[in-house]
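Everything below belongs to final-v8.tsv, which stores TSV, C-alpha atoms.
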chain	number	residue	atom	x	y	z
W	88	MET	CA	6.26	-0.47	22.43
W	89	ILE	CA	2.49	-0.15	22.05
W	90	ARG	CA	1.06	3.21	23.00
W	91	GLU	CA	-2.14	3.45	24.98
W	92	ILE	CA	-5.04	4.54	22.82
W	93	GLU	CA	-7.61	6.88	24.32
W	94	ALA	CA	-11.29	6.00	24.01
W	95	THR	CA	-12.08	9.42	22.54
W	96	GLU	CA	-9.51	8.83	19.78
W	97	ILE	CA	-11.09	5.48	18.86
W	98	LYS	CA	-14.57	6.98	19.00
W	99	SER	CA	-13.56	9.79	16.66
W	100	LEU	CA	-11.82	7.47	14.20
W	101	VAL	CA	-14.75	5.05	14.09
W	102	SER	CA	-17.20	7.91	13.62
W	103	SER	CA	-15.15	9.28	10.74
W	104	ALA	CA	-14.84	5.85	9.11
W	105	ILE	CA	-18.59	5.25	9.37
W	106	ASP	CA	-19.33	8.71	7.96
W	107	HIS	CA	-17.01	7.93	5.05
W	108	HIS	CA	-18.11	4.36	4.30
W	109	GLY	CA	-21.70	4.27	5.55
W	110	LYS	CA	-23.77	2.14	7.92
W	111	HIS	CA	-24.23	-1.05	5.92
W	112	GLN	CA	-22.80	-4.58	5.85
W	113	ASP	CA	-20.62	-3.85	2.80
W	114	ALA	CA	-18.83	-1.12	4.76
W	115	LEU	CA	-17.62	-3.31	7.64
W	116	ILE	CA	-14.29	-4.33	6.05
W	117	SER	CA	-13.56	-0.73	5.02
W	118	ILE	CA	-14.30	0.52	8.54
W	119	LEU	CA	-12.12	-2.17	10.10
W	120	THR	CA	-9.36	-1.39	7.58
W	121	GLU	CA	-9.33	2.29	8.53
W	122	VAL	CA	-8.89	1.39	12.19
W	123	ASN	CA	-6.20	-1.17	11.30
W	124	ASP	CA	-4.37	1.37	9.14
W	125	ARG	CA	-4.33	3.95	11.92
W	126	TYR	CA	-3.05	1.69	14.72
W	127	GLY	CA	-1.42	-1.18	12.84
W	128	TYR	CA	-4.04	-3.48	14.36
W	129	ILE	CA	-7.62	-3.31	15.58
W	130	PRO	CA	-7.71	-2.72	19.34
W	131	PRO	CA	-10.43	-4.59	21.28
W	132	GLU	CA	-12.06	-1.28	22.22
W	133	ALA	CA	-12.60	-0.53	18.53
W	134	PHE	CA	-14.84	-3.57	18.04
W	135	LYS	CA	-17.11	-2.33	20.82
W	136	GLU	CA	-17.15	1.22	19.47
W	137	ILE	CA	-17.93	0.08	15.92
W	138	ARG	CA	-20.80	-2.07	17.25
W	139	ILE	CA	-22.19	0.81	19.29
W	140	GLN	CA	-22.02	3.32	16.47
W	141	LEU	CA	-23.42	0.95	13.84
W	142	ASN	CA	-26.30	-0.22	16.03
W	143	ILE	CA	-27.70	3.28	16.44
W	144	ALA	CA	-31.32	3.26	15.29
W	145	ASP	CA	-31.12	5.85	12.48
W	146	GLY	CA	-30.41	3.49	9.61
W	147	GLY	CA	-27.69	1.56	11.37
W	148	ILE	CA	-27.09	-2.15	11.09
W	149	HIS	CA	-27.09	-4.63	13.92
W	150	THR	CA	-23.81	-6.42	14.41
W	151	SER	CA	-21.90	-7.93	17.28
W	152	GLU	CA	-18.34	-7.57	18.50
W	153	SER	CA	-17.77	-11.25	17.83
W	154	HIS	CA	-18.93	-10.84	14.22
W	155	LEU	CA	-16.56	-7.89	13.75
W	156	PHE	CA	-13.70	-9.83	15.35
W	157	GLY	CA	-14.45	-12.77	13.07
W	158	LEU	CA	-14.19	-10.55	10.00
W	159	ALA	CA	-10.97	-8.97	11.22
W	160	SER	CA	-9.34	-12.28	12.03
W	161	PHE	CA	-10.38	-13.83	8.69
W	162	TYR	CA	-8.53	-11.31	6.51
W	163	GLN	CA	-4.73	-11.53	6.68
W	164	MET	CA	-4.32	-7.84	5.89
W	165	LEU	CA	-6.06	-7.01	9.18
W	166	SER	CA	-4.64	-7.74	12.61
W	167	THR	CA	-6.34	-8.17	15.95
W	168	THR	CA	-3.06	-7.96	17.85
W	169	PRO	CA	-0.36	-5.29	17.85
W	170	VAL	CA	2.28	-5.68	15.16
W	171	GLY	CA	5.72	-4.20	14.60
W	172	SER	CA	6.45	-0.95	12.82
W	173	HIS	CA	7.12	-3.03	9.70
W	174	VAL	CA	5.19	-6.13	8.72
W	175	ILE	CA	6.79	-8.74	6.49
W	176	ARG	CA	4.37	-11.06	4.72
W	177	PHE	CA	6.27	-14.03	3.38
W	178	CYS	CA	4.75	-16.16	0.62
W	179	GLU	CA	4.94	-19.85	1.37
W	180	SER	CA	3.14	-21.09	-1.75
W	181	ALA	CA	4.47	-23.99	-3.80
W	182	PRO	CA	5.82	-21.82	-6.66
W	183	CYS	CA	7.77	-19.64	-4.22
W	184	HIS	CA	8.99	-22.70	-2.35
W	185	VAL	CA	10.28	-24.29	-5.56
W	186	MET	CA	12.04	-21.05	-6.55
W	187	GLY	CA	14.12	-20.95	-3.35
W	188	GLY	CA	11.55	-19.81	-0.82
W	189	ARG	CA	12.68	-22.20	1.88
W	190	GLN	CA	16.24	-20.84	1.90
W	191	LEU	CA	14.98	-17.28	1.73
W	192	PHE	CA	12.56	-17.88	4.59
W	193	GLN	CA	15.35	-19.24	6.75
W	194	ALA	CA	17.48	-16.18	5.93
W	195	VAL	CA	14.61	-13.86	6.90
W	196	LYS	CA	14.07	-15.67	10.22
W	197	ASP	CA	17.82	-15.65	10.94
W	198	TYR	CA	18.07	-11.93	10.18
W	199	LEU	CA	15.04	-10.93	12.26
W	200	LYS	CA	15.58	-13.56	14.98
W	201	ILE	CA	11.84	-14.24	15.15
W	202	GLU	CA	9.45	-16.94	14.00
W	203	PRO	CA	6.22	-16.48	12.00
W	204	GLY	CA	3.54	-14.70	14.02
W	205	GLN	CA	6.10	-13.01	16.27
W	206	THR	CA	7.18	-9.41	16.64
W	207	SER	CA	10.79	-8.54	17.31
W	208	PRO	CA	11.57	-7.41	20.87
W	209	ASP	CA	12.32	-3.87	19.64
W	210	GLY	CA	8.86	-3.66	18.05
W	211	GLN	CA	10.28	-3.03	14.57
W	212	TRP	CA	9.35	-6.24	12.74
W	213	THR	CA	6.46	-8.69	12.58
W	214	LEU	CA	6.79	-11.79	10.41
W	215	ILE	CA	3.66	-13.32	8.91
W	216	THR	CA	3.38	-16.15	6.42
W	217	THR	CA	0.75	-16.12	3.74
W	218	SER	CA	-0.38	-18.69	1.20
W	219	CYS	CA	-0.02	-16.37	-1.81
W	220	LEU	CA	0.79	-12.79	-2.68
W	221	GLY	CA	-0.40	-13.15	-6.28
W	222	THR	CA	2.98	-12.76	-7.95
W	223	CYS	CA	4.00	-16.38	-8.48
W	224	GLY	CA	5.95	-15.55	-11.65
W	225	VAL	CA	8.63	-13.72	-9.67
W	226	GLY	CA	9.01	-16.05	-6.69
W	227	PRO	CA	10.16	-16.21	-4.06
W	228	VAL	CA	8.17	-13.19	-2.98
W	229	MET	CA	7.72	-11.18	0.19
W	230	LEU	CA	5.86	-8.02	1.06
W	231	VAL	CA	7.39	-5.50	3.45
W	232	ASP	CA	4.68	-3.08	4.52
W	233	ASP	CA	3.22	-2.18	1.09
W	234	ASP	CA	6.36	-2.90	-0.94
W	235	ILE	CA	6.55	-6.17	-2.83
W	236	TYR	CA	9.87	-7.88	-3.52
W	237	GLY	CA	10.18	-10.65	-6.10
W	238	ASN	CA	13.01	-12.94	-7.17
W	239	VAL	CA	14.54	-12.35	-3.75
W	240	THR	CA	17.66	-14.22	-2.73
W	241	PRO	CA	18.99	-14.68	0.81
W	242	ASP	CA	21.93	-12.34	0.13
W	243	GLN	CA	19.49	-9.46	-0.58
W	244	ILE	CA	17.82	-9.58	2.85
W	245	THR	CA	20.18	-7.18	4.64
W	246	GLU	CA	19.92	-4.58	1.88
W	247	ILE	CA	16.12	-4.84	1.66
W	248	PHE	CA	15.53	-4.58	5.42
W	249	SER	CA	18.03	-1.73	5.78
W	250	ARG	CA	15.63	0.42	3.73
W	251	TYR	CA	13.23	0.31	6.66
W	252	ALA	CA	15.67	1.06	9.48

structure tokens encoding of this file:
Amino acid sequence: MIREIEATEIKSLVSSAIDHHGKHQDALISILTEVNDRYGYIPPEAFKEIRIQLNIADGGIHTSESHLFGLASFYQMLSTTPVGSHVIRFCESAPCHVMGGRQLFQAVKDYLKIEPGQTSPDGQWTLITTSCLGTCGVGPVMLVDDDIYGNVTPDQITEIFSRYA
């Protein structure tokens, strides 16, 4: 279940992120990442607050909410929609596919009872596919939150996911 986020909380977080990273174009991804890390996604209200705080005249930059949304939706490590408590990023690259990724992917979907891009009804899991996790030598590979798992077989799924229960 997604909790309601108060405007003052977003304002404070955005202010802190801007103070930490600065008011320049190179800081936008870092600012968005801080918001994403706090809430698990970037709420729509945060785009507006970032725009407002960055567009302040004293050395700020001019940006739009649509530009910020575009950045956030471009990077797979950021989310513009709420996600589960645990995010599984499943590599669907050719090396992982050849090493048994298709069977593993089916086992993951069967275990979670969701499809890519969905969040489980209990809000615990979100499944996302990605083109590469950068560890092709140990495929098939998946990332659960910040933990990477390589050489995964379908029979390991229950044990791996039980670590996050």

List as a PDB file with C-alpha atoms, keeping the file's coordinate frame the residues having at least one atom at most 7 Å from position (-18.0, 4.6, 18.9) as given in the file, counting all atoms listed in the file.
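Final output, selection30.pdb:
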ATOM      1  CA  ILE W  97     -11.090   5.480  18.860  1.00  0.00           C
ATOM      2  CA  LYS W  98     -14.570   6.980  19.000  1.00  0.00           C
ATOM      3  CA  VAL W 101     -14.750   5.050  14.090  1.00  0.00           C
ATOM      4  CA  SER W 102     -17.200   7.910  13.620  1.00  0.00           C
ATOM      5  CA  GLU W 136     -17.150   1.220  19.470  1.00  0.00           C
ATOM      6  CA  ILE W 137     -17.930   0.080  15.920  1.00  0.00           C
ATOM      7  CA  ILE W 139     -22.190   0.810  19.290  1.00  0.00           C
ATOM      8  CA  GLN W 140     -22.020   3.320  16.470  1.00  0.00           C
TER       9      GLN W 140
END

From the set W:Ala94, W:Ile105, W:Ile116, W:Cys223, which residue has the shortest atom-to-atom contact distance to W:Ser160, counting only C-alpha atoms?
W:Ile116

Interatomic distance, atom CA of W:Met186 to atom CA of W:Tyr236 (Å, one decimal):
13.7 Å

Between atom CA of W:His173 and atom CA of W:His107 - distance in Å to one decimal:
26.9 Å

Just to confirm, what's the straight-line distance from atom CA of W:Asp209 to atom CA of W:Thr95 in Å (one decimal)?
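Straight-line distance from atom CA of W:Asp209 to atom CA of W:Thr95 works out to 27.9 Å.
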
Which of W:Pro182, W:Pro130, W:Pro169, W:Gly109 sits closest to W:Pro227 [using all atoms listed in the file]
W:Pro182

Mind checking which residues fall within 9 Å of W:Leu165, counting only C-alpha atoms, ignoring those fewer than 2 positions away in the same chain, and posting them as a list of chain:residue names?
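Returned residues: W:Leu119, W:Thr120, W:Asn123, W:Asp124, W:Gly127, W:Tyr128, W:Ile129, W:Leu158, W:Ala159, W:Ser160, W:Phe161, W:Tyr162, W:Gln163, W:Thr167.
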
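If you measure from each of W:Ser249, W:Val239, W:Gly226, W:His111 to W:Val185 using all atoms listed in the file, the closest one turns out to be W:Gly226.
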
With 3 Å on each side, where is the centre of the axis-aligned box around all listed atoms of stretch 179-182 of chain W, and how long are its edges in Å to one decimal, as lines of an AutoDock Vina configuration file?
center_x = 4.5
center_y = -21.9
center_z = -2.6
size_x = 8.7
size_y = 10.1
size_z = 14.0

Considering only C-alpha atoms, can you say which of W:Gly210, W:Gly224, W:Pro241, W:Pro203 comes closest to W:Ala181?
W:Gly224

Which is closest to W:Glu121 among W:Ala194, W:Ala104, W:Ala133, W:Leu220, if we use all atoms listed in the file?
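Nearest to W:Glu121: W:Ala104.
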
Of the listed residues W:His149, W:Ser218, W:Ile201, W:Met229, that which approaches W:Phe177 most closely, counting all atoms listed in the file
W:Met229

Need to verify the contact set: W:Ile175, 7 Å, only C-alpha atoms, exclusion of same-chain residues closer than 3 positions in sequence. Can you return it as a compact mmCIF listing (two decimals) with C-alpha atoms, in the coordinates of the input?
# COMPACT_ATOMS: atom_id res chain seq x y z
CA THR W 213 6.46 -8.69 12.58
CA LEU W 214 6.79 -11.79 10.41
CA ILE W 215 3.66 -13.32 8.91
CA MET W 229 7.72 -11.18 0.19
CA LEU W 230 5.86 -8.02 1.06
CA VAL W 231 7.39 -5.50 3.45
CA ASP W 232 4.68 -3.08 4.52

Can you pull out every residue within 10 Å of W:Gln112, counting only C-alpha atoms, but drop anything in the same chain fewer than 6 positions away, and send it as a list in words?
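With the cut-off at 10 Å, the set is Leu141, Gly147, Ile148, His149 and Thr150 of chain W.
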
Can you tell me which residues surround W:Phe248 at a distance of at most 10 Å, considering all atoms listed in the file, apart from same-chain residues fewer than 3 positions away, and format the answer as a list in words?
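Final neighbour list, sorted by chain and number: His173, Ile175, Val195, Tyr198, Leu199, Trp212, Val231, Gln243, Ile244, Thr245, Tyr251 and Ala252 of chain W.
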